[in-house]
Structures are given as C-alpha cells and as structure tokens.
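See below for upload_25.txt, which holds compact mmCIF, C-alpha atoms.
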```txt
# COMPACT_ATOMS: atom_id res chain seq x y z
CA MET P 18 88.01 -70.82 -28.80
CA ALA P 19 85.61 -69.64 -31.48
CA ASN P 20 82.96 -71.81 -30.07
CA GLU P 21 83.47 -70.34 -26.57
CA ASN P 22 82.70 -66.67 -27.73
CA LYS P 23 79.61 -67.60 -29.68
CA LYS P 24 76.30 -66.92 -27.76
CA PRO P 25 73.69 -69.62 -27.72
CA GLU P 26 70.83 -69.14 -30.12
CA SER P 27 68.27 -69.27 -27.26
CA GLU P 28 69.83 -66.24 -25.60
CA THR P 29 69.73 -64.25 -28.86
CA GLU P 30 66.06 -65.08 -29.39
CA GLU P 31 65.17 -64.05 -25.81
CA THR P 32 66.93 -60.71 -26.31
CA LYS P 33 65.04 -60.04 -29.51
CA THR P 34 61.75 -60.98 -27.88
CA SER P 35 62.42 -58.64 -24.95
CA GLU P 36 63.25 -55.78 -27.30
CA THR P 37 60.08 -56.43 -29.28
CA VAL P 38 57.93 -56.39 -26.11
CA GLU P 39 59.50 -53.13 -24.98
CA GLU P 40 58.86 -51.57 -28.36
CA LYS P 41 55.21 -52.65 -28.27
CA VAL P 42 54.79 -51.26 -24.77
CA GLU P 43 56.27 -47.93 -25.86
CA GLU P 44 54.02 -47.88 -28.90
CA THR P 45 50.99 -48.62 -26.72
CA VAL P 46 51.89 -45.82 -24.27
CA GLU P 47 52.47 -43.36 -27.11
CA ALA P 48 49.17 -44.34 -28.72
CA LYS P 49 47.33 -43.88 -25.42
CA GLU P 50 48.93 -40.48 -24.83
CA SER P 51 48.09 -39.44 -28.37
CA SER P 52 44.47 -40.58 -27.90
CA GLU P 53 44.15 -38.68 -24.63
CA ALA P 54 45.58 -35.56 -26.25
CA GLU P 55 43.11 -35.86 -29.13
CA THR P 56 40.22 -36.34 -26.67
CA ALA P 57 41.27 -33.27 -24.67
CA ALA P 58 41.51 -31.23 -27.86
CA GLU P 59 38.05 -32.39 -28.94
CA GLU P 60 36.60 -31.43 -25.55
CA LYS P 61 38.12 -27.95 -25.84
CA VAL P 62 36.60 -27.58 -29.28
CA GLU P 63 33.20 -28.68 -27.97
CA GLU P 64 33.42 -26.23 -25.04
CA ALA P 65 34.32 -23.44 -27.42
CA ALA P 66 31.37 -24.40 -29.61
CA LYS P 67 29.03 -24.22 -26.58
CA GLU P 68 30.02 -20.58 -25.76
CA PRO P 69 27.34 -18.21 -27.17
CA THR P 70 28.38 -15.87 -29.92
CA LEU P 71 28.07 -12.08 -29.64
CA GLU P 72 24.93 -12.22 -31.76
CA GLU P 73 23.39 -14.81 -29.45
CA LYS P 74 24.32 -12.78 -26.35
CA TYR P 75 22.79 -9.64 -27.92
CA ALA P 76 19.61 -11.51 -28.79
CA GLU P 77 19.35 -12.82 -25.22
CA LEU P 78 19.79 -9.32 -23.79
CA GLU P 79 17.11 -7.97 -26.11
CA LYS P 80 14.75 -10.71 -24.95
CA GLU P 81 15.42 -9.92 -21.27
CA ASN P 82 14.92 -6.19 -21.93
CA ALA P 83 11.59 -6.85 -23.64
CA GLU P 84 10.43 -8.98 -20.71
CA LEU P 85 11.41 -6.29 -18.17
CA LYS P 86 9.66 -3.63 -20.24
CA ASP P 87 6.50 -5.76 -20.38
CA GLN P 88 6.59 -6.26 -16.60
CA LEU P 89 7.02 -2.51 -16.05
CA LEU P 90 4.08 -1.67 -18.31
CA ARG P 91 1.92 -4.21 -16.49
CA ARG P 92 2.84 -2.70 -13.11
CA ILE P 93 2.04 0.81 -14.38
CA ALA P 94 -1.33 -0.38 -15.67
CA ASP P 95 -2.09 -2.16 -12.38
CA PHE P 96 -1.22 0.97 -10.38
CA ASP P 97 -3.39 3.17 -12.61
CA ASN P 98 -6.32 0.77 -12.21
CA TYR P 99 -5.78 0.74 -8.43
CA ARG P 100 -5.73 4.56 -8.33
CA LYS P 101 -8.96 4.81 -10.33
CA ARG P 102 -10.63 2.15 -8.20
CA THR P 103 -9.60 3.95 -5.00
CA ILE P 104 -11.00 7.27 -6.25
CA LYS P 105 -14.28 5.58 -7.19
CA GLU P 106 -14.54 3.82 -3.82
CA LYS P 107 -13.92 7.07 -1.93
CA ALA P 108 -16.61 8.82 -3.96
CA GLU P 109 -19.05 5.97 -3.30
CA ILE P 110 -18.27 6.04 0.43
CA GLY P 111 -19.12 9.75 0.55
CA GLU P 112 -22.35 9.20 -1.37
CA TYR P 113 -23.44 6.28 0.79
CA ALA P 114 -22.54 8.20 3.98
CA ASN P 115 -24.83 11.04 2.88
CA ALA P 116 -27.54 8.53 1.97
CA ALA P 117 -27.34 6.97 5.46
CA LEU P 118 -27.64 10.37 7.15
CA LEU P 119 -30.56 11.41 4.98
CA GLY P 120 -32.27 8.11 5.69
CA ASP P 121 -31.93 8.72 9.42
CA LEU P 122 -33.40 12.21 9.03
CA LEU P 123 -36.55 10.95 7.28
CA ASP P 124 -38.23 9.94 10.55
CA SER P 125 -37.77 13.46 11.90
CA LEU P 126 -39.14 14.94 8.67
CA ASP P 127 -42.17 12.67 8.86
CA ASN P 128 -42.78 13.73 12.45
CA PHE P 129 -42.52 17.40 11.50
CA ASP P 130 -45.05 16.84 8.67
CA ARG P 131 -47.51 15.24 11.08
CA THR P 132 -47.00 18.09 13.57
CA VAL P 133 -47.69 20.69 10.89
CA GLU P 134 -50.88 18.86 9.86
CA ALA P 135 -51.98 18.64 13.49
CA ALA P 136 -51.26 22.32 14.09
CA ALA P 137 -53.79 23.28 11.42
CA THR P 138 -56.67 22.05 13.55
CA ALA P 139 -55.10 22.12 17.03
CA THR P 140 -56.73 24.08 19.80
CA ASP P 141 -53.93 23.63 22.33
CA PRO P 142 -50.71 25.45 21.33
CA LYS P 143 -48.84 23.81 24.20
CA ALA P 144 -49.48 20.35 22.75
CA ILE P 145 -47.93 21.45 19.45
CA ALA P 146 -44.96 22.96 21.23
CA ASP P 147 -44.46 19.76 23.22
CA GLY P 148 -44.63 17.74 20.00
CA VAL P 149 -41.96 19.90 18.36
CA LYS P 150 -39.81 19.63 21.46
CA MET P 151 -40.03 15.83 21.40
CA ILE P 152 -39.04 15.75 17.73
CA ASN P 153 -36.09 18.01 18.47
CA LEU P 154 -34.88 15.81 21.36
CA ALA P 155 -35.19 12.64 19.27
CA LEU P 156 -33.29 14.23 16.38
CA VAL P 157 -30.49 15.51 18.60
CA LYS P 158 -30.15 12.14 20.35
CA MET P 159 -29.93 10.30 17.02
CA LEU P 160 -27.21 12.66 15.74
CA GLU P 161 -25.27 12.41 19.00
CA ASP P 162 -25.48 8.63 19.36
CA LYS P 163 -25.03 7.62 15.73
CA TYR P 164 -22.84 10.35 14.28
CA GLY P 165 -20.95 11.79 17.26
CA LEU P 166 -22.47 15.25 16.93
CA ALA P 167 -22.27 17.35 20.10
CA GLY P 168 -23.54 20.85 20.79
CA PHE P 169 -21.69 23.37 22.95
CA GLY P 170 -21.96 26.94 24.18
CA LYS P 171 -23.82 27.80 27.38
CA GLU P 172 -24.07 31.04 29.32
CA GLY P 173 -21.39 31.12 32.00
CA ASP P 174 -18.90 28.95 30.06
CA GLU P 175 -15.38 30.28 29.75
CA PHE P 176 -14.72 31.96 26.43
CA ASN P 177 -12.63 29.80 24.06
CA PRO P 178 -11.62 31.50 20.79
CA ASP P 179 -11.20 28.07 19.17
CA GLU P 180 -14.86 27.28 19.77
CA HIS P 181 -16.62 30.62 20.23
CA GLU P 182 -17.05 33.55 17.88
CA ALA P 183 -17.45 36.78 19.86
CA ILE P 184 -20.17 38.98 18.40
CA GLY P 185 -19.45 41.62 21.06
CA ARG P 186 -17.84 42.22 24.46
CA MET P 187 -19.02 44.05 27.55
CA GLU P 188 -17.14 44.93 30.70
CA GLU P 189 -18.64 43.78 33.99
CA GLU P 190 -17.59 44.16 37.59
CA GLY P 191 -16.91 40.97 39.47
CA VAL P 192 -15.92 39.07 36.32
CA GLU P 193 -12.47 37.53 36.70
CA LYS P 194 -12.15 35.98 33.24
CA GLN P 195 -13.88 36.15 29.90
CA THR P 196 -17.15 34.26 30.05
CA LEU P 197 -20.17 33.78 27.82
CA LYS P 198 -22.76 36.42 28.66
CA GLN P 199 -25.23 35.35 26.02
CA VAL P 200 -25.35 32.62 23.33
CA TYR P 201 -26.88 33.74 20.05
CA LEU P 202 -26.18 30.59 18.09
CA LYS P 203 -25.17 27.22 19.48
CA GLY P 204 -21.92 25.62 18.31
CA TYR P 205 -21.42 22.01 17.20
CA LYS P 206 -18.61 19.44 17.10
CA LEU P 207 -18.38 16.29 15.04
CA LYS P 208 -16.49 14.07 17.47
CA ASP P 209 -13.51 16.32 18.35
CA LYS P 210 -13.70 18.65 15.35
CA VAL P 211 -15.55 21.96 15.52
CA ILE P 212 -17.89 22.20 12.54
CA ARG P 213 -19.60 25.41 13.67
CA ASN P 214 -18.44 28.00 16.18
CA ALA P 215 -20.93 29.30 18.72
CA LYS P 216 -21.81 32.97 18.23
CA VAL P 217 -21.71 34.65 21.65
CA MET P 218 -21.62 37.84 23.67
CA VAL P 219 -18.62 37.87 26.03
CA SER P 220 -18.31 39.38 29.49
CA VAL P 221 -14.80 40.67 30.26
CA PRO P 222 -13.26 41.96 33.52
CA LYS P 223 -13.75 45.68 33.99
CA ALA P 224 -10.56 47.64 33.47
```
What would you get if you wrote out this structure as structure tokens?
Amino acid sequence: MANENKKPESETEETKTSETVEEKVEETVEAKESSEAETAAEEKVEEAAKEPTLEEKYAELEKENAELKDQLLRRIADFDNYRKRTIKEKAEIGEYANAALLGDLLDSLDNFDRTVEAAATATDPKAIADGVKMINLALVKMLEDKYGLAGFGKEGDEFNPDEHEAIGRMEEEGVEKQTLKQVYLKGYKLKDKVIRNAKVMVSVPKA
C-alpha cells in the first residue's frame, strides 16, 4: 500500500520545474514593470528640468521688452525723418514753382525792355502802343494757358459779392438787379479760386 501512495519521481520533478518557470516569469514581469516605472520617472525628471526657471523667464521677458523698445525707437526715428523730408520737399516745390513762373515771365520782361528802348527814338506812338498791347496779350495768354489764371469783371455783369468789391452804388431807373456800372480794377481767379476781387461801381434798382 505504501508503494501505491508514493508519487513517481518524474511527476515531482515536473511540478518543481513548472513552479520554477512560473517564478521566473513573475520575476521577469516585475522587473519589466519596475524598469518601465523607472523610465517614466526619469522622463518626468527630464521634463521638469526642461521647464525654464523664474530667472530664465524674467530674462526672456527683459530681452523681448528691449527688442520692442528698440523697434519703437526706430519707428519714431523713421517717422521724424519722414516728417522732415516732407517739409523740405514742400518747401522745394514752392521754390521751384516760383522759379518756373518767373522763368515764364522773363520773355515778357525782355519784350518790355525792347519796347522801352524803341520808344526812346520812335516817331509813331501808335506803333509803341500796339507793341505794348501785343506783349500784354501774350502775357495774359501764357498765364491763362499754363497757370489757369482767368480775369473777370465786365460792365453789365451781375454783381456777385463773392467776386466783386463795391466801391460805390448808384440808383438807376430801368435796372432790375444789381449790375456792374463801371469796373475800376479787374478781378482774377486762379482756376476756381478768387485771388483778387474786382473793384466796381454798382447800379441798383431805383427805390
């Protein structure tokens, strides 16, 4: 009977081998889990090390502030240079505009000089008068065509207080509205702007 209850040696060895394998598997799993936990911990430490410190953040903000301040100063300097350049260009435009006008007037001045010289020995006053009249027409045409100058104010025109300066008024029968009786000084416009009012005598309806 004793021999019947006794397990064979082969079965005992297989049991021990199985237990040993299971133990090794458990040890391997535990080692792997431990390694993964250590790796995760190391990664957290590295991430924490990568985060900038307060000193580093402050230094970065100071750097950004300095860069913004430099950009602002550059923009201010650029704007000031632009303003000065614009003022200079406007002044030059005015000077050159005057130079162009004076250059255009030189021909008329030369013609007047020649007329004055001719008048000293002229025997025909009408010829001198015609010469002056031609110079006047040429000058007026040049100013009208090139600069947009236009004269206004003729006897019989309707009185316009925006264009005419009334030197005096006289009542007249048969006059239905205020009209120019006499023009003492012609008015002028530069394009659409009045640069000199015409000085006139005005006829008004009789009361």
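Going from CA of Thr45 in chain P over to CA of Ala57 in chain P, you cover 18.3 Å.
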Could you list, as an mmCIF file with C-alpha atoms, keeping the file's coordinate frame, every residue within 9 Å of Ala224 in chain P, counting only C-alpha atoms and ignoring same-chain residues fewer than 6 positions away?
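Result file is around-v2.cif:
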```cif
data_model
loop_
_atom_site.group_PDB
_atom_site.id
_atom_site.type_symbol
_atom_site.label_atom_id
_atom_site.label_comp_id
_atom_site.auth_asym_id
_atom_site.auth_seq_id
_atom_site.Cartn_x
_atom_site.Cartn_y
_atom_site.Cartn_z
ATOM 1 C CA GLU P 188 -17.140 44.930 30.700
ATOM 2 C CA GLU P 189 -18.640 43.780 33.990
ATOM 3 C CA GLU P 190 -17.590 44.160 37.590
#
```
(message) Using Å and a single decimal, report how far CA of Val157 in chain P sits from CA of Ile212 in chain P.
(response) 15.5 Å
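Proximity to Tyr201 in chain P was assessed for P:Leu90, P:Ile104, P:Ile110, P:Ala215 counting all atoms listed in the file; the smallest distance is recorded for P:Ala215.
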(request) Just give me the gap between CA of Glu180 in chain P and CA of Leu197 in chain P in Å, one decimal is fine. (result) 11.6 Å
(request) Rank nothing, just name the residue among P:Asp124, P:Ala116, P:Ser220, P:Gly204 nearest to Ala155 in chain P, using all atoms listed in the file. (result)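 Answer, going by the shortest atom-to-atom distance: P:Asp124.
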(message) Set the distance at 10 Å and use only C-alpha atoms: which residues neighbour Ala144 in chain P once local chain neighbours fewer than 5 positions away are removed? I'd like the list as a list in words.
(response) Thr132, Ala135, Ala136, Ala139, Val149 and Lys150 of chain P
(request) Find, counting all atoms listed in the file, the residue in P:Ala58, P:Val221, P:Gly170, P:Tyr113 that gets nearest to Glu193 in chain P. (result)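 Checking each candidate against Glu193 in chain P, we get P:Val221 as the closest.
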(message) Residues near Asp121 in chain P, anyone? I mean within 10 Å using all atoms listed in the file, not counting same-chain ones fewer than 4 positions away, as a PyMOL selection string.
(response) chain P and resi 115-117+125-126+156+159-160+163
(message) Let me make sure I understand: among P:Asp209, P:Glu47, P:Asp147, P:Glu134, which one has the smallest atom-to-atom distance to Gly168 in chain P if we use all atoms listed in the file?
(response) P:Asp209
(request) Determine, counting all atoms listed in the file, which protein, DNA and RNA residues have an atom within 7 Å of an atom of Ala183 in chain P; residues of the same chain fewer than 3 positions away are not included. Present the result as a list of chain:residue names. (result)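 So, after excluding close chain neighbours, the residues are P:Lys216, P:Val217, P:Met218, P:Val219.
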Would you save the residues from that selection as a CSV table (one decimal), in the coordinates of the input, using C-alpha atoms?
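Written file, part39.csv:
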```csv
chain,number,residue,atom,x,y,z
P,216,LYS,CA,-21.8,33.0,18.2
P,217,VAL,CA,-21.7,34.6,21.6
P,218,MET,CA,-21.6,37.8,23.7
P,219,VAL,CA,-18.6,37.9,26.0
```
N, CA, C and O atoms of range 72-93 of chain P, written as a PDB file, in the first residue's frame:
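decode-v9.pdb, written as the output of this step:
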```pdb
ATOM      1  N   GLU P  72      13.968  82.853 -13.063  1.00  0.00           N
ATOM      2  CA  GLU P  72      15.032  83.745 -13.510  1.00  0.00           C
ATOM      3  C   GLU P  72      15.156  83.743 -15.031  1.00  0.00           C
ATOM      4  O   GLU P  72      15.327  84.790 -15.667  1.00  0.00           O
ATOM      5  N   GLU P  73      15.044  82.525 -15.605  1.00  0.00           N
ATOM      6  CA  GLU P  73      15.140  82.422 -17.062  1.00  0.00           C
ATOM      7  C   GLU P  73      13.950  83.109 -17.739  1.00  0.00           C
ATOM      8  O   GLU P  73      14.101  83.780 -18.760  1.00  0.00           O
ATOM      9  N   LYS P  74      12.744  82.916 -17.171  1.00  0.00           N
ATOM     10  CA  LYS P  74      11.558  83.567 -17.727  1.00  0.00           C
ATOM     11  C   LYS P  74      11.694  85.085 -17.651  1.00  0.00           C
ATOM     12  O   LYS P  74      11.345  85.808 -18.592  1.00  0.00           O
ATOM     13  N   TYR P  75      12.197  85.595 -16.533  1.00  0.00           N
ATOM     14  CA  TYR P  75      12.386  87.039 -16.360  1.00  0.00           C
ATOM     15  C   TYR P  75      13.394  87.585 -17.372  1.00  0.00           C
ATOM     16  O   TYR P  75      13.189  88.650 -17.971  1.00  0.00           O
ATOM     17  N   ALA P  76      14.477  86.832 -17.565  1.00  0.00           N
ATOM     18  CA  ALA P  76      15.492  87.257 -18.520  1.00  0.00           C
ATOM     19  C   ALA P  76      14.924  87.293 -19.938  1.00  0.00           C
ATOM     20  O   ALA P  76      15.208  88.206 -20.723  1.00  0.00           O
ATOM     21  N   GLU P  77      14.082  86.315 -20.275  1.00  0.00           N
ATOM     22  CA  GLU P  77      13.474  86.272 -21.594  1.00  0.00           C
ATOM     23  C   GLU P  77      12.522  87.452 -21.808  1.00  0.00           C
ATOM     24  O   GLU P  77      12.496  88.083 -22.873  1.00  0.00           O
ATOM     25  N   LEU P  78      11.749  87.788 -20.764  1.00  0.00           N
ATOM     26  CA  LEU P  78      10.850  88.930 -20.854  1.00  0.00           C
ATOM     27  C   LEU P  78      11.618  90.241 -21.007  1.00  0.00           C
ATOM     28  O   LEU P  78      11.217  91.131 -21.759  1.00  0.00           O
ATOM     29  N   GLU P  79      12.721  90.359 -20.301  1.00  0.00           N
ATOM     30  CA  GLU P  79      13.552  91.556 -20.428  1.00  0.00           C
ATOM     31  C   GLU P  79      14.113  91.685 -21.848  1.00  0.00           C
ATOM     32  O   GLU P  79      14.158  92.784 -22.412  1.00  0.00           O
ATOM     33  N   LYS P  80      14.492  90.564 -22.425  1.00  0.00           N
ATOM     34  CA  LYS P  80      15.021  90.569 -23.785  1.00  0.00           C
ATOM     35  C   LYS P  80      13.942  91.015 -24.777  1.00  0.00           C
ATOM     36  O   LYS P  80      14.190  91.851 -25.648  1.00  0.00           O
ATOM     37  N   GLU P  81      12.729  90.447 -24.623  1.00  0.00           N
ATOM     38  CA  GLU P  81      11.623  90.827 -25.507  1.00  0.00           C
ATOM     39  C   GLU P  81      11.277  92.308 -25.349  1.00  0.00           C
ATOM     40  O   GLU P  81      10.999  93.000 -26.334  1.00  0.00           O
ATOM     41  N   ASN P  82      11.291  92.797 -24.114  1.00  0.00           N
ATOM     42  CA  ASN P  82      10.990  94.209 -23.862  1.00  0.00           C
ATOM     43  C   ASN P  82      12.023  95.124 -24.517  1.00  0.00           C
ATOM     44  O   ASN P  82      11.680  96.161 -25.100  1.00  0.00           O
ATOM     45  N   ALA P  83      13.289  94.723 -24.444  1.00  0.00           N
ATOM     46  CA  ALA P  83      14.347  95.517 -25.062  1.00  0.00           C
ATOM     47  C   ALA P  83      14.186  95.553 -26.578  1.00  0.00           C
ATOM     48  O   ALA P  83      14.374  96.594 -27.216  1.00  0.00           O
ATOM     49  N   GLU P  84      13.808  94.420 -27.164  1.00  0.00           N
ATOM     50  CA  GLU P  84      13.611  94.358 -28.610  1.00  0.00           C
ATOM     51  C   GLU P  84      12.438  95.242 -29.038  1.00  0.00           C
ATOM     52  O   GLU P  84      12.513  95.964 -30.042  1.00  0.00           O
ATOM     53  N   LEU P  85      11.336  95.198 -28.278  1.00  0.00           N
ATOM     54  CA  LEU P  85      10.167  96.031 -28.602  1.00  0.00           C
ATOM     55  C   LEU P  85      10.504  97.515 -28.470  1.00  0.00           C
ATOM     56  O   LEU P  85      10.073  98.339 -29.285  1.00  0.00           O
ATOM     57  N   LYS P  86      11.276  97.841 -27.436  1.00  0.00           N
ATOM     58  CA  LYS P  86      11.673  99.238 -27.234  1.00  0.00           C
ATOM     59  C   LYS P  86      12.546  99.723 -28.385  1.00  0.00           C
ATOM     60  O   LYS P  86      12.381 100.845 -28.877  1.00  0.00           O
ATOM     61  N   ASP P  87      13.464  98.864 -28.838  1.00  0.00           N
ATOM     62  CA  ASP P  87      14.324  99.216 -29.964  1.00  0.00           C
ATOM     63  C   ASP P  87      13.501  99.434 -31.229  1.00  0.00           C
ATOM     64  O   ASP P  87      13.733 100.392 -31.983  1.00  0.00           O
ATOM     65  N   GLN P  88      12.512  98.561 -31.472  1.00  0.00           N
ATOM     66  CA  GLN P  88      11.647  98.714 -32.645  1.00  0.00           C
ATOM     67  C   GLN P  88      10.855 100.024 -32.585  1.00  0.00           C
ATOM     68  O   GLN P  88      10.704 100.718 -33.592  1.00  0.00           O
ATOM     69  N   LEU P  89      10.349 100.344 -31.386  1.00  0.00           N
ATOM     70  CA  LEU P  89       9.590 101.588 -31.221  1.00  0.00           C
ATOM     71  C   LEU P  89      10.455 102.810 -31.501  1.00  0.00           C
ATOM     72  O   LEU P  89      10.035 103.745 -32.191  1.00  0.00           O
ATOM     73  N   LEU P  90      11.676 102.811 -30.972  1.00  0.00           N
ATOM     74  CA  LEU P  90      12.582 103.941 -31.198  1.00  0.00           C
ATOM     75  C   LEU P  90      12.925 104.091 -32.679  1.00  0.00           C
ATOM     76  O   LEU P  90      13.024 105.213 -33.194  1.00  0.00           O
ATOM     77  N   ARG P  91      13.085 102.954 -33.356  1.00  0.00           N
ATOM     78  CA  ARG P  91      13.380 103.007 -34.790  1.00  0.00           C
ATOM     79  C   ARG P  91      12.205 103.610 -35.569  1.00  0.00           C
ATOM     80  O   ARG P  91      12.392 104.412 -36.489  1.00  0.00           O
ATOM     81  N   ARG P  92      10.978 103.191 -35.189  1.00  0.00           N
ATOM     82  CA  ARG P  92       9.793 103.724 -35.865  1.00  0.00           C
ATOM     83  C   ARG P  92       9.653 105.226 -35.630  1.00  0.00           C
ATOM     84  O   ARG P  92       9.289 105.984 -36.536  1.00  0.00           O
ATOM     85  N   ILE P  93       9.921 105.664 -34.396  1.00  0.00           N
ATOM     86  CA  ILE P  93       9.856 107.098 -34.086  1.00  0.00           C
ATOM     87  C   ILE P  93      10.874 107.873 -34.916  1.00  0.00           C
ATOM     88  O   ILE P  93      10.578 108.942 -35.468  1.00  0.00           O
TER      89      ILE P  93
END
```
